[in-house]
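K.L.:
Just so it is clear, I am handing over target-v6.txt, which has compact mmCIF, C-alpha atoms.
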```txt
# COMPACT_ATOMS: atom_id res chain seq x y z
CA MET C 1412 0.00 0.00 0.00
CA ALA C 1413 2.75 2.37 0.86
CA ALA C 1414 4.38 1.46 -2.39
CA VAL C 1415 1.23 2.24 -4.29
CA ASP C 1416 0.93 5.56 -2.47
CA ARG C 1417 4.48 6.54 -3.17
CA SER C 1418 4.28 5.68 -6.78
CA GLY C 1419 0.84 7.11 -7.06
CA GLU C 1420 1.76 10.57 -5.80
CA LYS C 1421 4.20 11.21 -8.62
CA GLY C 1422 1.79 10.43 -11.37
CA GLY C 1423 -1.17 11.96 -9.62
CA GLY C 1424 -3.34 8.97 -10.47
CA TRP C 1425 -5.44 8.12 -7.39
CA GLY C 1426 -6.82 4.71 -7.30
CA LYS C 1427 -5.49 3.82 -10.75
CA GLY C 1428 -2.81 1.82 -9.02
CA LEU C 1429 0.18 0.05 -10.19
CA ALA C 1430 -0.63 -0.21 -13.88
CA ASP C 1431 -0.77 3.52 -14.40
CA SER C 1432 2.43 4.21 -12.50
CA SER C 1433 4.32 1.54 -14.41
CA LEU C 1434 3.03 3.02 -17.66
CA TYR C 1435 4.26 6.40 -16.56
CA GLN C 1436 7.57 4.89 -15.60
CA LYS C 1437 7.81 3.25 -18.99
CA ALA C 1438 6.99 6.50 -20.70
CA ARG C 1439 9.64 8.32 -18.68
CA ARG C 1440 12.19 5.66 -19.44
CA ALA C 1441 11.29 5.75 -23.10
CA ALA C 1442 11.57 9.52 -23.18
CA SER C 1443 14.95 9.55 -21.48
CA ASN C 1444 16.18 6.73 -23.70
CA SER C 1445 15.13 8.53 -26.82
CA ALA C 1446 16.66 11.75 -25.56
CA ARG C 1447 19.93 9.97 -24.89
CA PHE C 1448 19.75 8.19 -28.21
CA SER C 1449 19.09 11.33 -30.16
CA GLN C 1450 21.88 13.11 -28.30
CA LYS C 1451 24.23 10.28 -29.15
CA LEU C 1452 23.04 10.36 -32.74
CA MET C 1453 23.69 14.09 -32.97
CA TRP C 1454 27.07 13.64 -31.34
CA SER C 1455 28.17 10.83 -33.64
CA THR C 1456 26.79 12.65 -36.65
CA GLY C 1457 28.88 15.61 -35.57
CA LYS C 1458 31.96 13.43 -35.18
CA ALA C 1459 31.34 11.77 -38.54
CA ALA C 1460 30.88 15.14 -40.16
CA TRP C 1461 34.13 16.36 -38.61
CA ILE C 1462 36.05 13.33 -39.80
CA ALA C 1463 34.54 13.52 -43.26
CA GLY C 1464 35.21 17.24 -43.47
CA THR C 1465 38.85 17.10 -42.45
CA THR C 1466 39.48 14.08 -44.64
CA PHE C 1467 37.96 15.88 -47.60
CA LEU C 1468 40.04 18.94 -46.84
CA VAL C 1469 43.32 17.06 -46.69
CA LEU C 1470 42.80 14.55 -49.48
CA VAL C 1471 40.55 16.19 -52.03
CA VAL C 1472 40.98 19.96 -51.90
CA PRO C 1473 44.67 20.02 -52.97
CA LEU C 1474 43.75 17.65 -55.76
CA ILE C 1475 41.02 19.94 -57.02
CA ILE C 1476 43.31 22.96 -56.85
CA GLU C 1477 46.12 21.22 -58.68
CA MET C 1478 43.88 19.78 -61.35
CA ASP C 1479 42.44 23.21 -61.92
CA ARG C 1480 45.91 24.68 -62.33
CA GLU C 1481 46.86 21.90 -64.67
CA GLN C 1482 43.79 22.57 -66.75
CA GLN C 1483 44.67 26.27 -66.90
CA MET C 1484 48.21 25.41 -68.03
CA VAL C 1485 46.92 23.11 -70.73
CA ASP C 1486 44.46 25.73 -71.95
CA LEU C 1487 47.18 28.38 -71.97
CA GLU C 1488 49.52 26.14 -73.91
CA SER C 1489 46.91 25.19 -76.44
CA GLN C 1490 46.00 28.84 -76.81
CA GLN C 1491 49.63 29.77 -77.37
CA ALA C 1492 50.06 26.96 -79.85
CA GLY C 1493 47.01 28.14 -81.74
CA LEU C 1494 48.23 31.73 -81.61
CA LEU C 1495 51.59 30.92 -83.10
CA GLY C 1496 49.82 29.27 -85.95
CA SER C 1497 52.40 26.50 -86.10
CA SER C 1498 51.47 22.88 -86.05
CA ALA C 1499 52.81 22.42 -82.55
CA PRO C 1500 51.63 19.16 -81.02
CA LEU C 1501 49.02 19.64 -78.36
CA PRO C 1502 50.03 18.39 -74.89
CA SER C 1503 48.52 14.99 -74.26
CA LYS C 1504 45.99 14.64 -71.45
CA MET L 132 64.07 -22.77 -55.77
CA GLY L 133 60.61 -23.18 -57.15
CA GLY L 134 61.23 -20.50 -59.74
CA ALA L 135 64.23 -22.33 -61.15
CA VAL L 136 62.34 -25.61 -61.34
CA SER L 137 59.47 -24.14 -63.33
CA TYR L 138 61.90 -22.38 -65.65
CA ALA L 139 63.65 -25.67 -66.37
CA SER L 140 60.36 -27.46 -67.09
CA SER L 141 58.99 -24.74 -69.33
CA SER L 142 62.11 -24.45 -71.42
CA SER L 143 61.06 -27.63 -73.16
CA SER L 144 58.31 -25.77 -75.06
CA SER L 145 59.56 -24.46 -78.36
CA SER L 146 60.16 -20.80 -78.69
CA SER L 147 57.96 -20.45 -81.74
CA HIS L 148 54.84 -21.58 -79.90
CA ASP L 149 52.26 -18.80 -80.13
CA ASP L 150 50.71 -17.65 -76.91
CA LYS L 151 47.00 -17.87 -77.47
CA ARG L 152 46.21 -15.25 -74.87
CA GLY L 153 48.32 -12.41 -76.25
CA THR L 154 49.82 -11.32 -79.49
CA GLU L 155 53.46 -11.78 -78.52
CA THR L 156 55.19 -15.12 -78.32
CA GLU L 157 56.70 -16.23 -75.06
CA ASP L 158 60.34 -16.68 -75.78
CA TRP L 159 61.43 -18.83 -72.91
CA TYR L 160 65.09 -18.31 -73.61
CA ASN L 161 65.02 -14.52 -73.62
CA LEU L 162 63.02 -13.50 -70.61
CA PRO L 163 63.58 -9.98 -69.38
CA CYS L 164 65.58 -9.34 -66.27
CA PRO L 165 63.34 -8.83 -63.25
CA THR L 166 63.74 -6.16 -60.60
CA LYS L 167 65.81 -6.98 -57.56
CA TYR L 168 64.17 -8.72 -54.63
CA GLU L 169 64.36 -5.63 -52.45
CA ASP L 170 62.81 -3.46 -55.17
CA ILE L 171 59.71 -5.42 -56.02
CA THR L 172 57.39 -3.14 -54.10
CA ARG L 173 59.13 -0.02 -55.34
CA GLU L 174 56.15 1.48 -57.18
CA ALA L 175 53.83 0.91 -54.27
CA ILE L 176 56.29 2.39 -51.80
CA MET L 177 56.86 5.44 -53.97
CA SER L 178 53.15 6.09 -54.23
CA LEU L 179 51.97 5.11 -50.79
CA LYS L 180 54.82 6.03 -48.50
CA PRO L 181 56.11 9.51 -49.15
CA GLU L 182 58.51 11.00 -46.63
CA LEU L 183 56.00 12.64 -44.34
CA PHE L 184 57.44 14.96 -41.77
CA GLU L 185 56.31 17.40 -39.13
CA GLY L 186 57.93 20.79 -38.94
CA LEU L 187 60.14 22.73 -41.24
CA ARG L 188 62.42 21.19 -43.81
CA PHE L 189 64.80 23.00 -46.08
CA ASP L 190 67.14 21.30 -48.55
CA PHE L 191 69.67 22.97 -50.74
CA THR L 192 71.69 21.04 -53.29
CA LYS L 193 74.52 22.79 -55.04
CA PRO L 194 76.23 21.06 -57.93
CA LEU L 195 79.92 21.89 -58.05
CA ASN L 196 80.56 19.78 -61.07
CA GLN L 197 78.62 17.59 -63.39
CA LYS L 198 79.27 14.67 -61.12
CA PHE L 199 79.79 16.13 -57.68
CA SER L 200 77.34 18.08 -55.52
CA LEU L 201 77.06 19.29 -51.99
CA SER L 202 73.86 19.43 -50.02
CA HIS L 203 72.82 21.44 -47.00
CA SER L 204 69.69 20.61 -45.13
CA ILE L 205 67.88 22.01 -42.10
CA PHE L 206 65.13 20.28 -40.20
CA MET L 207 63.24 21.68 -37.21
CA GLY L 208 60.27 19.73 -35.97
CA SER L 209 59.06 16.72 -34.06
CA VAL L 210 59.84 13.12 -34.67
CA PRO L 211 58.23 10.15 -32.96
CA HIS L 212 60.08 8.92 -29.90
CA PRO L 213 62.24 5.93 -30.80
CA THR L 214 60.80 3.63 -28.14
CA GLN L 215 57.44 5.05 -27.06
CA SER L 216 55.36 5.61 -30.12
CA ASN L 217 52.87 8.13 -28.75
CA ILE L 218 55.36 10.74 -27.64
CA LYS L 219 56.94 13.26 -29.96
CA VAL L 220 60.41 14.54 -29.45
CA PRO L 221 61.43 17.96 -30.81
CA VAL L 222 64.45 17.76 -33.01
CA SER L 223 66.45 20.32 -34.92
CA HIS L 224 69.52 19.59 -36.93
CA TYR L 225 71.61 20.71 -39.85
CA GLU L 226 72.87 18.11 -42.25
CA PHE L 227 75.77 18.45 -44.64
CA GLY L 228 76.19 16.03 -47.45
CA ALA L 229 78.32 15.30 -50.46
CA ASN L 230 77.24 13.26 -53.46
CA LEU L 231 79.28 11.87 -56.27
CA MET L 232 77.52 10.23 -59.19
CA ASP L 233 79.67 9.08 -62.00
CA PRO L 234 78.54 6.91 -64.86
CA LEU L 235 81.80 5.25 -65.71
CA GLY L 236 80.60 3.64 -68.89
CA LYS L 237 77.24 3.12 -70.45
CA THR L 238 75.89 0.76 -67.88
CA GLN L 239 78.24 1.21 -64.97
CA MET L 240 77.65 3.74 -62.30
CA VAL L 241 79.44 4.68 -59.15
CA MET L 242 77.61 6.57 -56.49
CA LEU L 243 79.08 7.85 -53.25
CA ILE L 244 76.85 9.63 -50.78
CA GLY L 245 77.96 10.93 -47.41
CA ARG L 246 75.96 12.77 -44.80
CA ILE L 247 76.82 14.21 -41.43
CA LEU L 248 74.36 15.69 -38.97
CA THR L 249 74.81 18.09 -36.08
CA ASP L 250 73.48 15.53 -33.64
CA GLY L 251 76.47 13.36 -34.26
CA ARG L 252 75.22 10.91 -36.85
CA MET L 253 77.17 10.13 -39.95
CA SER L 254 76.04 7.98 -42.80
CA ALA L 255 77.68 6.81 -45.98
CA ARG L 256 76.46 4.90 -49.00
CA ILE L 257 78.49 3.47 -51.80
CA LYS L 258 77.09 1.87 -54.94
CA TYR L 259 79.49 0.49 -57.43
CA ASP L 260 78.97 -1.57 -60.58
CA VAL L 261 82.07 -3.62 -61.09
CA ASN L 262 81.00 -4.83 -64.50
CA ASP L 263 77.87 -5.69 -66.39
CA ARG L 264 76.90 -8.45 -64.03
CA PHE L 265 78.35 -7.77 -60.63
CA SER L 266 77.70 -4.78 -58.38
CA PHE L 267 77.89 -4.02 -54.73
CA LYS L 268 76.46 -1.58 -52.24
CA ILE L 269 77.69 -0.55 -48.83
CA ASN L 270 75.60 1.30 -46.24
CA ALA L 271 77.07 2.52 -43.01
CA GLN L 272 75.70 4.65 -40.23
CA ILE L 273 77.61 5.78 -37.17
CA THR L 274 75.85 7.37 -34.21
CA ASN L 275 76.78 8.76 -30.85
CA GLU L 276 74.71 6.27 -28.95
CA PRO L 277 76.32 2.89 -28.47
CA HIS L 278 74.91 -0.15 -30.25
CA PHE L 279 73.05 1.91 -32.81
CA SER L 280 75.70 2.00 -35.48
CA LEU L 281 75.23 -0.31 -38.39
CA GLY L 282 76.93 -1.35 -41.56
CA MET L 283 75.69 -3.49 -44.39
CA PHE L 284 77.25 -4.94 -47.51
CA HIS L 285 75.23 -6.12 -50.48
CA PHE L 286 76.72 -8.08 -53.36
CA ASP L 287 74.51 -8.45 -56.43
CA TYR L 288 74.91 -10.72 -59.37
CA ARG L 289 72.76 -10.20 -62.42
CA GLY L 290 72.05 -13.08 -64.73
CA ASN L 291 70.13 -12.99 -67.99
CA ASP L 292 66.83 -13.31 -66.24
CA TYR L 293 67.63 -13.43 -62.57
CA TRP L 294 69.15 -11.45 -59.76
CA ALA L 295 71.01 -12.97 -56.84
CA GLN L 296 72.08 -11.00 -53.80
CA LEU L 297 74.17 -11.70 -50.76
CA GLN L 298 73.92 -9.43 -47.73
CA MET L 299 76.25 -9.17 -44.78
CA GLY L 300 75.77 -6.79 -41.93
CA ASN L 301 76.84 -6.05 -38.41
CA ASN L 302 75.29 -7.97 -35.53
CA ALA L 303 76.30 -11.00 -37.63
CA PHE L 304 73.52 -10.56 -40.13
CA TYR L 305 73.69 -12.70 -43.24
CA GLY L 306 71.08 -12.79 -45.93
CA VAL L 307 70.67 -14.13 -49.41
CA ASN L 308 67.89 -13.52 -51.88
CA TYR L 309 67.11 -14.54 -55.41
CA MET L 310 64.63 -13.33 -58.00
CA GLN L 311 63.85 -15.23 -61.19
CA SER L 312 61.82 -14.19 -64.16
CA VAL L 313 59.35 -16.95 -64.95
CA THR L 314 57.36 -15.47 -67.81
CA ASN L 315 57.48 -12.11 -69.52
CA ASN L 316 55.38 -10.60 -66.80
CA LEU L 317 55.82 -12.77 -63.74
CA ALA L 318 58.84 -13.06 -61.49
CA LEU L 319 59.21 -15.21 -58.41
CA GLY L 320 61.79 -15.07 -55.72
CA GLY L 321 62.79 -16.00 -52.24
CA GLU L 322 65.06 -14.90 -49.45
CA GLY L 323 66.65 -16.25 -46.33
CA TYR L 324 68.45 -14.47 -43.53
CA TRP L 325 70.15 -15.21 -40.29
CA LEU L 326 70.69 -12.80 -37.43
CA GLY L 327 73.62 -14.01 -35.39
CA HIS L 328 73.35 -12.03 -32.19
CA HIS L 329 69.69 -12.76 -31.61
CA ARG L 330 69.86 -16.24 -33.10
CA LYS L 331 66.95 -15.53 -35.38
CA SER L 332 66.50 -16.70 -38.90
CA GLY L 333 63.80 -16.33 -41.44
CA ILE L 334 62.76 -17.06 -44.97
CA GLY L 335 60.49 -15.29 -47.34
CA PHE L 336 58.90 -15.68 -50.73
CA ALA L 337 57.76 -13.08 -53.17
CA ALA L 338 56.06 -12.82 -56.51
CA ARG L 339 55.75 -9.86 -58.81
CA TYR L 340 53.42 -9.50 -61.78
CA ASN L 341 54.31 -6.62 -64.01
CA THR L 342 52.65 -5.32 -67.14
CA GLU L 343 52.73 -1.85 -68.59
CA LYS L 344 49.79 -0.66 -66.58
CA VAL L 345 49.68 -2.94 -63.58
CA VAL L 346 52.17 -4.01 -60.95
CA ALA L 347 51.00 -6.57 -58.42
CA THR L 348 53.22 -8.11 -55.79
CA ALA L 349 52.75 -10.60 -53.00
CA GLN L 350 55.19 -11.26 -50.19
CA PHE L 351 55.34 -13.82 -47.45
CA LYS L 352 57.83 -13.50 -44.63
CA SER L 353 58.37 -15.98 -41.87
CA GLY L 354 58.69 -13.08 -39.42
CA GLY L 355 54.91 -13.13 -39.54
CA THR L 356 53.69 -10.89 -42.32
CA ILE L 357 51.87 -11.44 -45.57
CA GLY L 358 51.81 -8.41 -47.80
CA MET L 359 50.22 -7.69 -51.14
CA THR L 360 50.38 -4.55 -53.20
CA TYR L 361 48.64 -3.47 -56.35
CA VAL L 362 49.52 -0.43 -58.43
CA HIS L 363 47.49 0.58 -61.44
CA LYS L 364 48.76 3.21 -63.80
CA VAL L 365 45.58 4.85 -64.99
CA SER L 366 47.37 7.29 -67.26
CA ASP L 367 50.87 8.71 -67.44
CA LYS L 368 49.86 11.33 -64.90
CA VAL L 369 47.81 9.31 -62.45
CA SER L 370 48.45 6.06 -60.71
CA LEU L 371 46.48 4.41 -57.96
CA ALA L 372 48.00 2.07 -55.42
CA SER L 373 46.78 -0.16 -52.66
CA ASP L 374 48.51 -2.20 -50.04
CA PHE L 375 47.46 -4.97 -47.70
CA VAL L 376 49.51 -6.26 -44.79
CA TYR L 377 48.46 -9.04 -42.44
CA ASN L 378 50.59 -9.91 -39.45
CA TRP L 379 49.51 -13.25 -38.09
CA LYS L 380 51.62 -13.01 -34.99
CA THR L 381 50.11 -9.79 -33.72
CA LYS L 382 46.81 -10.28 -35.59
CA GLU L 383 46.96 -6.88 -37.20
CA VAL L 384 45.56 -6.10 -40.59
CA VAL L 385 46.11 -2.84 -42.41
CA THR L 386 44.91 -1.82 -45.84
CA SER L 387 45.80 1.44 -47.43
CA LEU L 388 44.67 3.08 -50.64
CA GLY L 389 46.43 5.92 -52.30
CA TYR L 390 46.70 8.04 -55.38
CA ASP L 391 49.72 9.59 -57.03
CA TYR L 392 49.23 12.50 -59.40
CA LEU L 393 52.28 13.51 -61.38
CA LEU L 394 51.37 16.79 -63.03
CA GLN L 395 53.48 19.38 -64.76
CA GLN L 396 53.78 21.69 -61.82
CA CYS L 397 53.41 19.36 -58.89
CA ARG L 398 53.36 15.86 -57.52
CA LEU L 399 50.52 15.08 -55.16
CA ARG L 400 50.24 11.85 -53.21
CA GLY L 401 47.35 11.02 -50.94
CA ARG L 402 46.65 7.97 -48.82
CA LEU L 403 43.80 6.58 -46.77
CA ASP L 404 44.29 3.85 -44.19
CA THR L 405 42.16 1.42 -42.26
CA ASN L 406 43.94 2.56 -39.12
CA GLY L 407 41.98 5.76 -39.48
CA CYS L 408 44.96 7.63 -40.89
CA ILE L 409 44.99 9.97 -43.85
CA ALA L 410 48.09 11.50 -45.32
CA ALA L 411 48.90 13.82 -48.17
CA TYR L 412 52.19 15.02 -49.60
CA LEU L 413 52.50 17.80 -52.12
CA GLU L 414 55.60 18.90 -54.00
CA GLU L 415 54.87 22.03 -55.93
CA ARG L 416 57.28 23.45 -58.45
CA LEU L 417 57.47 27.19 -57.91
CA ASN L 418 60.34 27.85 -60.24
CA VAL L 419 63.11 25.93 -61.99
CA GLY L 420 64.70 23.83 -59.27
CA VAL L 421 62.63 25.33 -56.45
CA ASN L 422 60.09 22.99 -54.94
CA PHE L 423 57.67 23.75 -52.18
CA LEU L 424 56.69 20.84 -49.96
CA LEU L 425 53.60 20.33 -47.86
CA SER L 426 53.07 17.26 -45.76
CA ALA L 427 49.97 16.38 -43.77
CA GLU L 428 49.16 13.35 -41.68
CA ILE L 429 45.98 13.06 -39.64
CA ASP L 430 45.30 10.09 -37.41
CA HIS L 431 41.66 10.27 -36.38
CA TRP L 432 41.86 7.27 -34.12
CA LYS L 433 44.76 8.41 -31.98
CA LYS L 434 44.05 12.10 -32.51
CA ASP L 435 47.55 12.77 -33.78
CA TYR L 436 47.97 15.61 -36.27
CA LYS L 437 51.19 16.30 -38.08
CA PHE L 438 51.69 19.06 -40.59
CA GLY L 439 54.91 20.13 -42.17
CA PHE L 440 56.15 22.47 -44.81
CA GLY L 441 59.43 22.83 -46.56
CA MET L 442 61.39 23.91 -49.52
CA THR L 443 63.85 22.10 -51.77
CA VAL L 444 66.26 24.16 -53.83
CA GLY L 445 68.39 22.48 -56.44
CA GLN L 446 67.81 19.28 -58.36
```
Would it be possible to restate this file's structure as structure tokens?

P.N.:
Amino acid sequence: MAAVDRSGEKGGGWGKGLADSSLYQKARRAASNSARFSQKLMWSTGKAAWIAGTTFLVLVVPLIIEMDREQQMVDLESQQAGLLGSSAPLPSK
Amino acid sequence: MGGAVSYASSSSSSSSHDDKRGTETEDWYNLPCPTKYEDITREAIMSLKPELFEGLRFDFTKPLNQKFSLSHSIFMGSVPHPTQSNIKVPVSHYEFGANLMDPLGKTQMVMLIGRILTDGRMSARIKYDVNDRFSFKINAQITNEPHFSLGMFHFDYRGNDYWAQLQMGNNAFYGVNYMQSVTNNLALGGEGYWLGHHRKSGIGFAARYNTEKVVATAQFKSGGTIGMTYVHKVSDKVSLASDFVYNWKTKEVVTSLGYDYLLQQCRLRGRLDTNGCIAAYLEERLNVGVNFLLSAEIDHWKKDYKFGFGMTVGQ
């Protein structure tokens, strides 16, 4: 009886008894679990985004910059070759 | 050796037998000479393992002659601690070196390289081709700390389609290895070594498959590792490489993938590891003979970040 009273006073359900309090407990547990889960999900998404971002920055960005420069050099050379009017061989890709 | 046995058995096929797979005939009497046993993973090492560093690096090479050059080098940065791998030790040194490279004839070459550092280390390398078939190499390194100096002699003999090498080093190290060309593209080889002071010995086997676009190697060492590498030359500017090492004694497996872009103005190498490590190394040509270096290594697992920059002046 004391147990029912103690659990009953938190939920505010008089006379509903054990079933209601356990439902409330389950709901509270579910809410805290989902809060923890979503926090962990946000945290690991953040970590994954950080790892993906720094990996992209170190591996891919210099490659893009260098390929762009190479493309500019090739365009400049082909332009110069066309300007001279000679049959200079185009640089191979 | 297994390679020699298969060569002897396949020499019975006539040399005019057409290979149905390809357009060229397999001439079993004129196989090309393979690479040396220690060089079979050369392409993979060049693409996947650039000299990453942390800190500042400056190299200046001044040629005094067509054959002789001096080099000055400054390094200020951190290196991993020799015994404890998760501690970095700050290091700064100046290195003076002298190089002599003299092609004596068409195929012979003598190379003498000496280096001395301000922290008391001195190293010397000699490479000499006695004649067309026989060459030797000597490596020596002398340090201040006791028991860290080492010296190694290598004697190489080159046959028509094989290489044989004998190694002798300090600590009573003796090694012998042999590489035999089995077909036009495939070479097999083996090695054996004996370490006197620690009473350890080991054997190893290796295979290398080499076409114009693809280099694949496999290595087995009795010290506990199996390694395989694969390098694919996608074009004359780009090559992709991958590497797999399995150590059955410590149950460690590592795979790494990398790319190697050789462009007009730069050389960019990048690598991704299953240890959670990414690395990139850029050599950018600013001017004739002036190269700008950038090195980056990020270890996400151990949270270890190393970035370095440098400059190389001279060839």

K.L.:
Report, in Å with one decimal, the straight-line distance from atom CA of Leu1468 of chain C to atom CA of Val421 of chain L.

P.N.:
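Going from atom CA of Leu1468 of chain C over to atom CA of Val421 of chain L covers 25.4 Å.
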
K.L.:
How far is it from atom CA of Asp391 of chain L to atom CA of Arg173 of chain L, in Å with one decimal?

P.N.:
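Separating atom CA of Asp391 of chain L from atom CA of Arg173 of chain L is a distance of 13.6 Å.
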
K.L.:
Near chain L, which residues of chain C fall within 8 Å when you count only C-alpha atoms, and what do they look like as a list in words?

P.N.:
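Taking only C-alpha atoms into account, Ile1462, Thr1466, Val1469, Leu1470, Pro1473, Leu1474, Glu1477 and Glu1481 of chain C sit within 8 Å of chain L.
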
K.L.:
Write out, as a compact mmCIF listing (two decimals), keeping the file's coordinate frame, the residues just selected, with C-alpha atoms.

P.N.:
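This went into again_32.txt:
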```txt
# COMPACT_ATOMS: atom_id res chain seq x y z
CA ILE C 1462 36.05 13.33 -39.80
CA THR C 1466 39.48 14.08 -44.64
CA VAL C 1469 43.32 17.06 -46.69
CA LEU C 1470 42.80 14.55 -49.48
CA PRO C 1473 44.67 20.02 -52.97
CA LEU C 1474 43.75 17.65 -55.76
CA GLU C 1477 46.12 21.22 -58.68
CA GLU C 1481 46.86 21.90 -64.67
```

K.L.:
Edge lengths and centre, in Å to one decimal, as JSON: that's what I need for the box along x, y and z that holds all listed atoms of segment 194-200 of chain L plus 4 Å on each side.

P.N.:
```
{"center_x": 78.4, "center_y": 18.3, "center_z": -59.5, "size_x": 12.3, "size_y": 15.2, "size_z": 15.9}
```

K.L.:
Show me, as a PyMOL selection string, the residues that have an atom within 8 Å of Ala175 of chain L when counting only C-alpha atoms, minus same-chain residues fewer than 2 positions from it.

P.N.:
chain L and resi 172-173+177-180+360-362+372-374

K.L.:
Write a file of the selected residues as an mmCIF file, in the frame of the given file, keeping C-alpha atoms.

P.N.:
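What landed in part-v3.cif:
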```
data_model
loop_
_atom_site.group_PDB
_atom_site.id
_atom_site.type_symbol
_atom_site.label_atom_id
_atom_site.label_comp_id
_atom_site.auth_asym_id
_atom_site.auth_seq_id
_atom_site.Cartn_x
_atom_site.Cartn_y
_atom_site.Cartn_z
ATOM 1 C CA THR L 172 57.390 -3.140 -54.100
ATOM 2 C CA ARG L 173 59.130 -0.020 -55.340
ATOM 3 C CA MET L 177 56.860 5.440 -53.970
ATOM 4 C CA SER L 178 53.150 6.090 -54.230
ATOM 5 C CA LEU L 179 51.970 5.110 -50.790
ATOM 6 C CA LYS L 180 54.820 6.030 -48.500
ATOM 7 C CA THR L 360 50.380 -4.550 -53.200
ATOM 8 C CA TYR L 361 48.640 -3.470 -56.350
ATOM 9 C CA VAL L 362 49.520 -0.430 -58.430
ATOM 10 C CA ALA L 372 48.000 2.070 -55.420
ATOM 11 C CA SER L 373 46.780 -0.160 -52.660
ATOM 12 C CA ASP L 374 48.510 -2.200 -50.040
#
```

K.L.:
Which one of L:Gly335, L:Phe304, L:Ala271, L:Asp435 sits closest to Ser216 of chain L if you count only C-alpha atoms?

P.N.:
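The answer is L:Asp435, which sits nearest to Ser216 of chain L.
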
K.L.:
Quick one: pull the distance between atom CA of Met442 of chain L and atom CA of Leu424 of chain L, Å, one decimal.

P.N.:
5.6 Å

K.L.:
My list of candidates is L:Gln446, L:Ser312, L:Asn422, L:Asn270. Which is closest to Gly300 of chain L when distances are computed with only C-alpha atoms?

P.N.:
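Distance minimum relative to Gly300 of chain L lands on L:Asn270.
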
K.L.:
Write out as a ChimeraX atom specification each polymer residue whose atoms come within 8 Å of Phe286 of chain L, counting all atoms listed in the file; drop sequence neighbours fewer than 3 positions from it.

P.N.:
/L:265-268,296-298

K.L.:
Give the answer as one residue: which of L:Asn302, L:Ser209, L:Asn315, L:Thr356 has the shortest atom-to-atom distance to Arg330 of chain L, using all atoms listed in the file?

P.N.:
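Smallest separation from Arg330 of chain L among the options: L:Asn302.
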
K.L.:
From the options L:Leu393, L:Asp292, L:Lys364, L:Asn262, which residue's atoms come nearest to Glu174 of chain L, counting all atoms listed in the file?

P.N.:
L:Lys364
